[in-house]
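Data block for entry_27.cif (mmCIF, C-alpha atoms and all ligand atoms):
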data_work
#
loop_
_atom_site.label_atom_id
_atom_site.label_comp_id
_atom_site.auth_asym_id
_atom_site.auth_seq_id
_atom_site.Cartn_x
_atom_site.Cartn_y
_atom_site.Cartn_z
CA MET A 19 16.49 -14.95 -6.62
CA VAL A 20 13.71 -16.57 -8.62
CA ARG A 21 13.03 -14.76 -11.91
CA HIS A 22 9.46 -14.10 -12.99
CA THR A 23 8.35 -12.77 -16.32
CA ALA A 24 6.54 -9.46 -16.25
CA THR A 25 3.30 -11.09 -17.32
CA SER A 26 3.13 -14.01 -14.90
CA VAL A 27 0.86 -13.61 -11.90
CA VAL A 28 2.71 -14.60 -8.76
CA THR A 29 0.77 -14.84 -5.51
CA ILE A 30 2.58 -14.21 -2.24
CA GLU A 31 2.09 -17.89 -1.42
CA ARG A 32 3.81 -19.06 -4.60
CA PHE A 33 6.63 -16.57 -4.08
CA ILE A 34 7.24 -17.67 -0.50
CA ILE A 35 7.24 -21.35 -1.51
CA GLU A 36 9.71 -20.66 -4.32
CA GLN A 37 12.01 -18.76 -1.95
CA GLU A 38 11.76 -21.56 0.60
CA ARG A 39 12.74 -24.18 -2.02
CA GLN A 40 16.11 -22.48 -2.30
CA HIS A 41 16.73 -23.53 1.32
CA PRO A 42 16.35 -27.32 1.52
CA GLU A 43 16.92 -27.16 5.29
CA ALA A 44 13.88 -24.88 5.78
CA THR A 45 11.02 -26.40 7.79
CA GLY A 46 8.36 -24.11 6.35
CA GLU A 47 7.67 -22.50 9.71
CA LEU A 48 8.92 -19.07 8.72
CA SER A 49 6.90 -19.28 5.50
CA GLY A 50 3.86 -20.12 7.63
CA ILE A 51 4.42 -17.00 9.73
CA LEU A 52 4.50 -14.87 6.58
CA TYR A 53 1.22 -16.35 5.28
CA ASP A 54 -0.41 -15.76 8.65
CA ILE A 55 0.73 -12.13 8.59
CA ALA A 56 -0.63 -11.75 5.05
CA LEU A 57 -3.99 -13.04 6.28
CA ALA A 58 -4.00 -10.68 9.28
CA ALA A 59 -3.09 -7.82 6.91
CA LYS A 60 -6.14 -8.55 4.74
CA MET A 61 -8.37 -8.54 7.80
CA ILE A 62 -6.91 -5.23 9.04
CA ALA A 63 -7.17 -3.74 5.53
CA SER A 64 -10.88 -4.49 5.45
CA LYS A 65 -11.34 -2.73 8.83
CA VAL A 66 -9.27 0.28 7.74
CA ARG A 67 -11.35 0.61 4.56
CA MET A 68 -14.48 0.94 6.69
CA ALA A 69 -12.94 3.52 9.04
CA GLY A 70 -14.46 6.51 7.22
CA LEU A 71 -17.91 5.07 7.91
CA ALA A 72 -17.33 5.04 11.66
CA ASP A 73 -19.57 8.09 12.18
CA ILE A 74 -22.40 6.33 10.42
CA LEU A 75 -21.82 2.84 11.74
CA GLY A 76 -20.59 3.92 15.21
CA SER A 77 -17.26 5.56 16.07
CA ALA A 78 -14.59 4.29 18.44
CA GLY A 79 -15.72 4.61 22.02
CA ALA A 80 -19.38 4.82 20.92
CA GLU A 81 -21.87 2.02 21.41
CA ASN A 82 -22.90 -0.06 18.42
CA VAL A 83 -26.36 -1.46 17.82
CA GLN A 84 -25.70 -4.48 20.02
CA GLY A 85 -24.85 -2.12 22.89
CA GLU A 86 -21.16 -3.09 22.67
CA VAL A 87 -18.52 -0.38 22.87
CA GLN A 88 -16.62 -0.04 19.58
CA GLN A 89 -12.90 -0.51 19.88
CA LYS A 90 -10.28 1.75 18.36
CA LEU A 91 -8.71 0.41 15.18
CA ASP A 92 -5.25 0.03 16.67
CA VAL A 93 -6.68 -2.16 19.42
CA VAL A 94 -8.70 -4.15 16.88
CA SER A 95 -5.60 -4.62 14.69
CA ASN A 96 -3.59 -5.76 17.68
CA GLU A 97 -6.18 -8.43 18.46
CA ILE A 98 -6.39 -9.53 14.84
CA ILE A 99 -2.66 -10.19 14.71
CA ILE A 100 -2.53 -11.98 18.06
CA LYS A 101 -5.47 -14.22 17.11
CA ALA A 102 -4.00 -14.96 13.68
CA MET A 103 -0.66 -15.98 15.17
CA ASP A 104 -1.05 -17.46 18.66
CA HIS A 105 -2.38 -20.94 17.79
CA THR A 106 -0.10 -21.89 14.91
CA GLY A 107 2.70 -23.55 16.90
CA ARG A 108 5.27 -21.42 15.11
CA LEU A 109 5.81 -18.74 17.76
CA CYS A 110 6.96 -18.95 21.38
CA ALA A 111 6.08 -15.34 22.26
CA MET A 112 5.05 -12.01 20.79
CA ALA A 113 5.45 -8.35 21.68
CA SER A 114 3.33 -5.48 20.42
CA GLU A 115 3.56 -1.71 20.61
CA GLU A 116 0.04 -1.88 22.03
CA GLU A 117 0.88 -4.22 24.92
CA PRO A 118 3.03 -3.48 27.97
CA GLY A 119 4.79 -6.85 28.28
CA ILE A 120 5.44 -10.21 26.61
CA ILE A 121 2.43 -11.80 24.91
CA GLN A 122 2.66 -15.45 25.84
CA ILE A 123 1.28 -18.30 23.74
CA PRO A 124 -1.78 -19.73 25.52
CA GLU A 125 -1.13 -23.01 27.37
CA ASN A 126 -3.42 -25.03 25.09
CA PHE A 127 -1.29 -24.23 22.01
CA ARG A 128 2.13 -25.50 21.00
CA CYS A 129 5.13 -23.17 21.25
CA GLY A 130 7.43 -22.75 18.24
CA LYS A 131 10.93 -21.49 17.60
CA TYR A 132 10.22 -17.92 16.50
CA VAL A 133 9.30 -14.62 18.15
CA LEU A 134 7.13 -11.96 16.51
CA LEU A 135 7.37 -8.26 17.36
CA PHE A 136 4.92 -5.83 15.77
CA ASP A 137 3.33 -2.41 15.63
CA PRO A 138 -0.24 -3.35 14.67
CA LEU A 139 -1.37 0.01 13.28
CA ASP A 140 1.31 2.64 13.07
CA GLY A 141 0.22 6.24 12.56
CA SER A 142 -3.31 5.38 13.68
CA SER A 143 -4.02 9.01 14.59
CA ASN A 144 -4.05 9.63 10.81
CA ILE A 145 -7.06 7.42 10.22
CA ASP A 146 -9.56 10.19 10.92
CA VAL A 147 -8.17 12.19 7.99
CA ASN A 148 -7.87 9.28 5.56
CA VAL A 149 -4.07 9.24 5.48
CA PRO A 150 -2.27 5.89 4.94
CA VAL A 151 -1.41 3.85 8.02
CA GLY A 152 0.59 0.66 8.35
CA THR A 153 1.50 -2.51 10.19
CA ILE A 154 5.18 -3.26 10.87
CA PHE A 155 6.59 -6.63 11.92
CA SER A 156 9.85 -8.32 12.85
CA VAL A 157 10.70 -12.01 13.36
CA VAL A 158 13.66 -13.37 15.35
CA ARG A 159 14.62 -16.91 16.40
CA LYS A 160 14.10 -18.07 19.97
CA ILE A 161 17.45 -18.28 21.78
CA THR A 162 16.43 -19.50 25.25
CA ARG A 163 15.90 -23.20 26.02
CA GLY A 164 12.58 -23.28 27.87
CA ARG A 165 9.21 -23.90 26.25
CA HIS A 166 8.01 -20.30 26.45
CA GLY A 167 9.66 -17.24 25.01
CA GLU A 168 11.46 -15.01 27.48
CA MET A 169 12.50 -11.37 27.53
CA GLU A 170 15.95 -12.40 26.27
CA ASP A 171 14.32 -13.77 23.11
CA LEU A 172 12.62 -10.45 22.47
CA LEU A 173 15.55 -8.18 23.28
CA GLN A 174 17.82 -9.24 20.42
CA PRO A 175 19.69 -6.79 18.21
CA GLY A 176 18.08 -6.12 14.84
CA ARG A 177 20.87 -7.83 12.91
CA ARG A 178 19.47 -11.15 14.19
CA GLN A 179 16.12 -10.68 12.44
CA VAL A 180 15.19 -13.51 10.08
CA ALA A 181 12.26 -11.66 8.53
CA ALA A 182 10.75 -8.21 8.65
CA GLY A 183 8.10 -6.35 6.74
CA TYR A 184 5.34 -3.82 6.66
CA VAL A 185 1.89 -3.43 5.25
CA ILE A 186 0.74 -0.08 3.95
CA TYR A 187 -2.99 0.59 3.88
CA GLY A 188 -3.01 3.31 1.25
CA SER A 189 -4.66 3.86 -2.12
CA SER A 190 -3.92 0.16 -2.42
CA THR A 191 -2.82 -2.27 0.27
CA MET A 192 0.76 -3.45 -0.10
CA LEU A 193 2.84 -5.93 1.85
CA VAL A 194 6.61 -5.51 1.61
CA TYR A 195 8.95 -8.00 3.27
CA THR A 196 12.42 -9.42 3.44
CA THR A 197 13.83 -12.70 4.71
CA GLY A 198 17.35 -11.57 3.91
CA GLN A 199 17.02 -12.37 0.20
CA GLY A 200 16.14 -8.93 -1.07
CA VAL A 201 13.00 -6.90 -0.55
CA HIS A 202 9.79 -7.81 -2.34
CA GLY A 203 6.47 -5.97 -2.55
CA PHE A 204 3.00 -7.43 -3.10
CA THR A 205 -0.16 -5.50 -3.88
CA LEU A 206 -3.53 -6.75 -2.67
CA ASP A 207 -5.92 -7.42 -5.53
CA PRO A 208 -9.19 -6.84 -3.66
CA SER A 209 -11.24 -8.56 -6.37
CA ILE A 210 -9.62 -11.92 -5.63
CA GLY A 211 -8.33 -11.25 -2.09
CA GLU A 212 -4.73 -12.17 -2.97
CA PHE A 213 -1.44 -10.33 -2.56
CA LEU A 214 0.26 -10.39 -5.98
CA LEU A 215 3.95 -9.75 -6.64
CA SER A 216 4.11 -6.20 -7.96
CA HIS A 217 7.54 -4.94 -6.82
CA PRO A 218 10.16 -7.72 -7.02
CA ASN A 219 13.63 -7.01 -5.68
CA ILE A 220 13.14 -3.40 -4.58
CA ARG A 221 16.34 -1.28 -4.55
CA ILE A 222 16.44 2.13 -2.91
CA PRO A 223 18.18 4.75 -5.08
CA ASP A 224 21.63 5.66 -3.73
CA ASP A 225 20.90 9.34 -4.05
CA GLY A 226 18.10 10.91 -2.11
CA ARG A 227 15.16 12.73 -3.59
CA TYR A 228 12.98 13.30 -0.52
CA LEU A 229 13.49 14.55 3.02
CA SER A 230 10.90 13.46 5.57
CA VAL A 231 11.20 15.16 8.94
CA ASN A 232 8.88 17.01 11.29
CA ASP A 233 10.68 20.32 11.52
CA SER A 234 8.23 21.83 13.98
CA TYR A 235 10.71 20.40 16.52
CA GLU A 236 13.54 22.52 15.10
CA GLN A 237 13.93 24.74 18.16
CA LEU A 238 14.41 21.57 20.25
CA TRP A 239 17.15 20.12 18.04
CA ASP A 240 20.83 20.07 18.78
CA ASP A 241 22.89 22.44 16.58
CA ASN A 242 24.37 19.65 14.45
CA VAL A 243 20.91 18.27 13.70
CA LYS A 244 19.91 21.76 12.56
CA MET A 245 23.05 21.88 10.40
CA LEU A 246 22.27 18.44 8.93
CA MET A 247 18.78 19.54 7.96
CA ARG A 248 20.20 22.67 6.30
CA ARG A 249 22.48 20.39 4.28
CA TYR A 250 19.57 18.22 3.20
CA ARG A 251 17.82 21.36 2.07
CA GLY A 252 20.85 22.47 0.04
CA LEU A 253 21.44 25.52 2.28
CA GLU A 254 24.82 24.36 3.61
CA GLY A 255 27.81 22.38 2.28
CA GLY A 256 26.96 22.77 -1.42
CA THR A 257 24.64 19.76 -1.43
CA LYS A 258 21.67 19.23 -3.72
CA ALA A 259 18.37 20.21 -2.07
CA LEU A 260 15.97 17.39 -1.30
CA SER A 261 12.22 17.84 -1.66
CA VAL A 262 10.41 17.88 1.67
CA ARG A 263 7.59 15.33 2.08
CA TYR A 264 6.20 14.46 5.51
CA VAL A 265 3.04 12.44 5.94
CA GLY A 266 3.54 11.81 9.65
CA SER A 267 2.78 8.15 9.12
CA LEU A 268 6.07 6.27 9.27
CA VAL A 269 5.17 3.46 6.89
CA ALA A 270 3.92 5.92 4.25
CA ASP A 271 6.99 8.15 4.55
CA PHE A 272 9.34 5.17 4.55
CA HIS A 273 7.63 3.49 1.59
CA ARG A 274 7.81 6.60 -0.60
CA ASN A 275 11.49 7.09 0.19
CA LEU A 276 12.26 3.39 -0.35
CA LEU A 277 10.87 3.58 -3.87
CA GLY A 278 11.97 7.13 -4.75
CA GLY A 279 15.13 7.62 -2.65
CA GLY A 280 15.60 9.91 0.30
CA ILE A 281 15.73 10.01 4.05
CA PHE A 282 13.28 9.78 6.91
CA ALA A 283 14.64 11.40 10.06
CA TYR A 284 13.23 11.47 13.57
CA PRO A 285 16.06 13.07 15.57
CA ALA A 286 16.44 13.18 19.32
CA ASN A 287 15.36 16.51 20.73
CA ARG A 288 15.56 18.38 24.02
CA LYS A 289 12.23 16.98 25.16
CA SER A 290 12.48 13.43 23.76
CA HIS A 291 16.10 12.55 24.33
CA LYS A 292 15.75 9.27 22.48
CA GLY A 293 13.39 10.43 19.78
CA LYS A 294 9.93 8.94 19.47
CA LEU A 295 10.14 5.79 17.39
CA ARG A 296 10.47 2.34 18.89
CA LEU A 297 13.58 0.30 18.26
CA LEU A 298 11.95 -3.13 18.23
CA TYR A 299 8.68 -2.41 16.43
CA GLU A 300 9.68 0.32 13.99
CA ALA A 301 13.40 1.05 13.59
CA ASN A 302 14.70 -2.55 13.48
CA PRO A 303 12.26 -4.03 10.95
CA LEU A 304 12.53 -1.01 8.64
CA GLY A 305 16.30 -1.03 9.17
CA PHE A 306 16.53 -4.65 7.99
CA ILE A 307 14.38 -3.86 4.96
CA VAL A 308 16.29 -0.74 3.96
CA GLU A 309 19.66 -2.52 4.23
CA GLN A 310 18.37 -5.39 2.10
CA ALA A 311 17.28 -2.80 -0.47
CA GLY A 312 20.76 -1.24 -0.52
CA GLY A 313 20.11 1.62 1.92
CA ALA A 314 21.09 2.28 5.53
CA ALA A 315 19.67 3.05 8.96
CA SER A 316 21.45 4.75 11.84
CA ASP A 317 20.53 6.23 15.19
CA GLY A 318 22.91 9.08 14.34
CA THR A 319 25.93 7.34 15.81
CA ILE A 320 25.66 3.62 15.11
CA ARG A 321 23.89 1.24 12.74
CA VAL A 322 20.35 0.67 14.06
CA LEU A 323 20.67 -3.12 13.65
CA ASP A 324 23.65 -3.13 16.04
CA VAL A 325 21.87 -1.39 18.91
CA LEU A 326 21.49 -3.74 21.87
CA PRO A 327 17.92 -3.45 23.16
CA THR A 328 17.49 -3.24 26.93
CA GLU A 329 13.73 -2.80 27.13
CA LEU A 330 10.73 -3.75 25.00
CA HIS A 331 9.48 -0.24 24.32
CA GLN A 332 12.88 1.36 23.89
CA ARG A 333 12.92 4.47 21.71
CA THR A 334 15.62 5.52 19.31
CA PRO A 335 16.50 8.48 17.11
CA LEU A 336 16.25 7.34 13.49
CA TYR A 337 17.90 8.29 10.20
CA ILE A 338 16.84 5.82 7.53
CA GLY A 339 16.91 5.75 3.75
CA SER A 340 19.35 6.17 0.87
CA LYS A 341 22.97 5.41 1.75
CA SER A 342 24.35 8.83 0.83
CA CYS A 343 21.78 10.61 3.02
CA VAL A 344 22.43 8.37 6.03
CA GLU A 345 26.19 8.84 5.52
CA MET A 346 25.65 12.59 5.67
CA ALA A 347 23.78 12.18 8.96
CA LYS A 348 26.60 10.12 10.43
CA GLU A 349 29.19 12.69 9.32
CA CYS A 350 27.28 15.59 10.85
CA LEU A 351 26.34 13.83 14.06
CA SER A 352 29.32 11.62 14.83
CA GLY A 353 31.42 12.38 17.86
CA VAL A 354 28.74 14.50 19.50
CA SER A 355 26.21 13.56 22.10
CA GLN A 356 23.25 14.38 19.82
CA LEU A 357 21.39 14.29 23.15
CA VAL A 358 21.34 10.47 23.10
CA GLY A 359 21.13 9.29 26.68
CA ALA A 360 21.44 12.93 27.80
P1 LIG A 401 2.40 5.84 16.79
O1 LIG A 401 3.18 4.55 16.88
O2 LIG A 401 1.88 6.29 18.13
O3 LIG A 401 1.36 5.81 15.72
O4 LIG A 401 3.45 7.01 16.44
C1 LIG A 401 4.36 6.80 15.42
C2 LIG A 401 4.13 7.83 14.35
C3 LIG A 401 4.86 7.49 13.09
O5 LIG A 401 4.02 6.83 12.19
C4 LIG A 401 5.26 8.84 12.55
O6 LIG A 401 6.43 8.77 11.78
C5 LIG A 401 5.48 9.64 13.81
O7 LIG A 401 4.66 9.05 14.80
C6 LIG A 401 5.08 11.07 13.66
O8 LIG A 401 5.38 11.77 14.83
P2 LIG A 401 5.27 13.36 14.90
O9 LIG A 401 3.81 13.67 14.90
O10 LIG A 401 5.93 13.72 16.21
O11 LIG A 401 5.99 13.94 13.72
MG MG A 402 4.09 3.12 15.91
#
For the file at hand, write its structure as structure tokens.
Amino acid sequence: MVRHTATSVVTIERFIIEQERQHPEATGELSGILYDIALAAKMIASKVRMAGLADILGSAGAENVQGEVQQKLDVVSNEIIIKAMDHTGRLCAMASEEEPGIIQIPENFRCGKYVLLFDPLDGSSNIDVNVPVGTIFSVVRKITRGRHGEMEDLLQPGRRQVAAGYVIYGSSTMLVYTTGQGVHGFTLDPSIGEFLLSHPNIRIPDDGRYLSVNDSYEQLWDDNVKMLMRRYRGLEGGTKALSVRYVGSLVADFHRNLLGGGIFAYPANRKSHKGKLRLLYEANPLGFIVEQAGGAASDGTIRVLDVLPTELHQRTPLYIGSKSCVEMAKECLSGVSQLVGA
């Protein structure tokens, strides 16, 4: 890991180049993908910042002054990412939470050796109330031989990711990523339009401080999930009580727990037997990040990164955060159906 003094200003570009130099075999393509994502993030951040003015400037679904219908921000963000990435020759296919199938690279552009999977604007229902939202991304290598990416390239287990990250559009905009050499966070300095290294080598505390779960689903949970939540709250098993914090915006909840320690849980329930969150766009990238930061991610029975995806929009229960908290989930839930596949 490259050491930087506290006072030196390190742009994301410089940081990526310095990391790449440690791998003489690197072609620079993965670095290029990360720059392109940083650019897309800045474009999305500027749209998100204007969201509160939608009523004045024209809300989603309403017509703007040119008579064009305004698009919702998650659709806009989806298009920003596709346009920022499709022509670069670095990707052979993409998949987005906003699109039903594979996003192919247009015929007039070169195909590359990587695949990008992303959730363009997670938690977008929170925009109306000015709560942080985020973009999540995952990069894997192409494994098929043809020119274009195929479903097999997209449906790879999370342990094969070569990069993953998220952007949080909060009181400041931050980009956090890993390429398997630790987790590093960059804060956007809006005055110069650059992401600057602000959180090098992030480590999640081993012991949890926060519990993030939507317990309005409690009556739909399996008994051992209920028991687990009582443990997290210090009501069972003599454990220390965690503080409950739930934004309802995955990136915001995850980011707080990554820095402060704790667990985000979205259990299976009687109505959603596989939970709500998506394996490829949410659980896998955050799973890679949390492991690189010293934490863990499980679906309640196995490590998230070992789950074999069978479909693009596959959902999974998720327990992610500090190691001790995820261990507790595995202990409580192991050996029982936990409604998975029920
Ligand atoms: P989305 O991808 O449709 O935005 O939904 C995902 C969001 C996450 O950000 C958040 O953790 C979760 O949904 C909240 O769900 P719930 O309202 O059921 O607690
Ligand atoms: Mg989402």
- Find the spatial neighbours of range 218-230 of chain A, counting all atoms listed in the file, within a cut-off of 7 Å - ignore same-chain residues fewer than 4 positions away - and output them as a PyMOL selection string. chain A and resi 200-203+260-264+271+275-283+311-313+340-343
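Using all atoms listed in the file, residues with at least one atom at most 7 Å away from any atom of ligand LIG 401 (chain A) are Leu139, Asp140, Gly141, Ser142, Ser143, Asn232, Gly266, Ser267, Leu268, Val269 and Leu295 of chain A.
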Output C-alpha atoms for every residue in that selection, as a PDB file, in the frame of the given file.
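File out28.pdb, as written:
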ATOM      1  CA  LEU A 139      -1.370   0.010  13.280  1.00  0.00           C
ATOM      2  CA  ASP A 140       1.310   2.640  13.070  1.00  0.00           C
ATOM      3  CA  GLY A 141       0.220   6.240  12.560  1.00  0.00           C
ATOM      4  CA  SER A 142      -3.310   5.380  13.680  1.00  0.00           C
ATOM      5  CA  SER A 143      -4.020   9.010  14.590  1.00  0.00           C
ATOM      6  CA  ASN A 232       8.880  17.010  11.290  1.00  0.00           C
ATOM      7  CA  GLY A 266       3.540  11.810   9.650  1.00  0.00           C
ATOM      8  CA  SER A 267       2.780   8.150   9.120  1.00  0.00           C
ATOM      9  CA  LEU A 268       6.070   6.270   9.270  1.00  0.00           C
ATOM     10  CA  VAL A 269       5.170   3.460   6.890  1.00  0.00           C
ATOM     11  CA  LEU A 295      10.140   5.790  17.390  1.00  0.00           C
TER      12      LEU A 295
END
Mind working out the centre and edge lengths of an axis-aligned box for range 177-181 of chain A, all listed atoms inside, 6 Å added to each side, rounded to one decimal in Å and written as AutoDock Vina command-line options?
--center_x 16.6 --center_y -10.7 --center_z 11.4 --size_x 20.6 --size_y 17.7 --size_z 17.7
- Spatial neighbours of Leu193 in chain A, max dist 10 Å, all atoms listed in the file, sep filter under 5 positions, as a list in words: Ile30, Ile55, Ala56, Ala59, Lys60, Gly152, Thr153, Ile154, Gly183, Tyr184, Val185, Ile186, Tyr187, His202, Gly203, Phe204, Thr205, Leu206, Phe213, Leu214, Leu215, Ser216 and His217 of chain A
- Note on the structure: In Å and to one decimal, CA of His331 in chain A is distant from CA of Asn126 in chain A by 28.0 Å
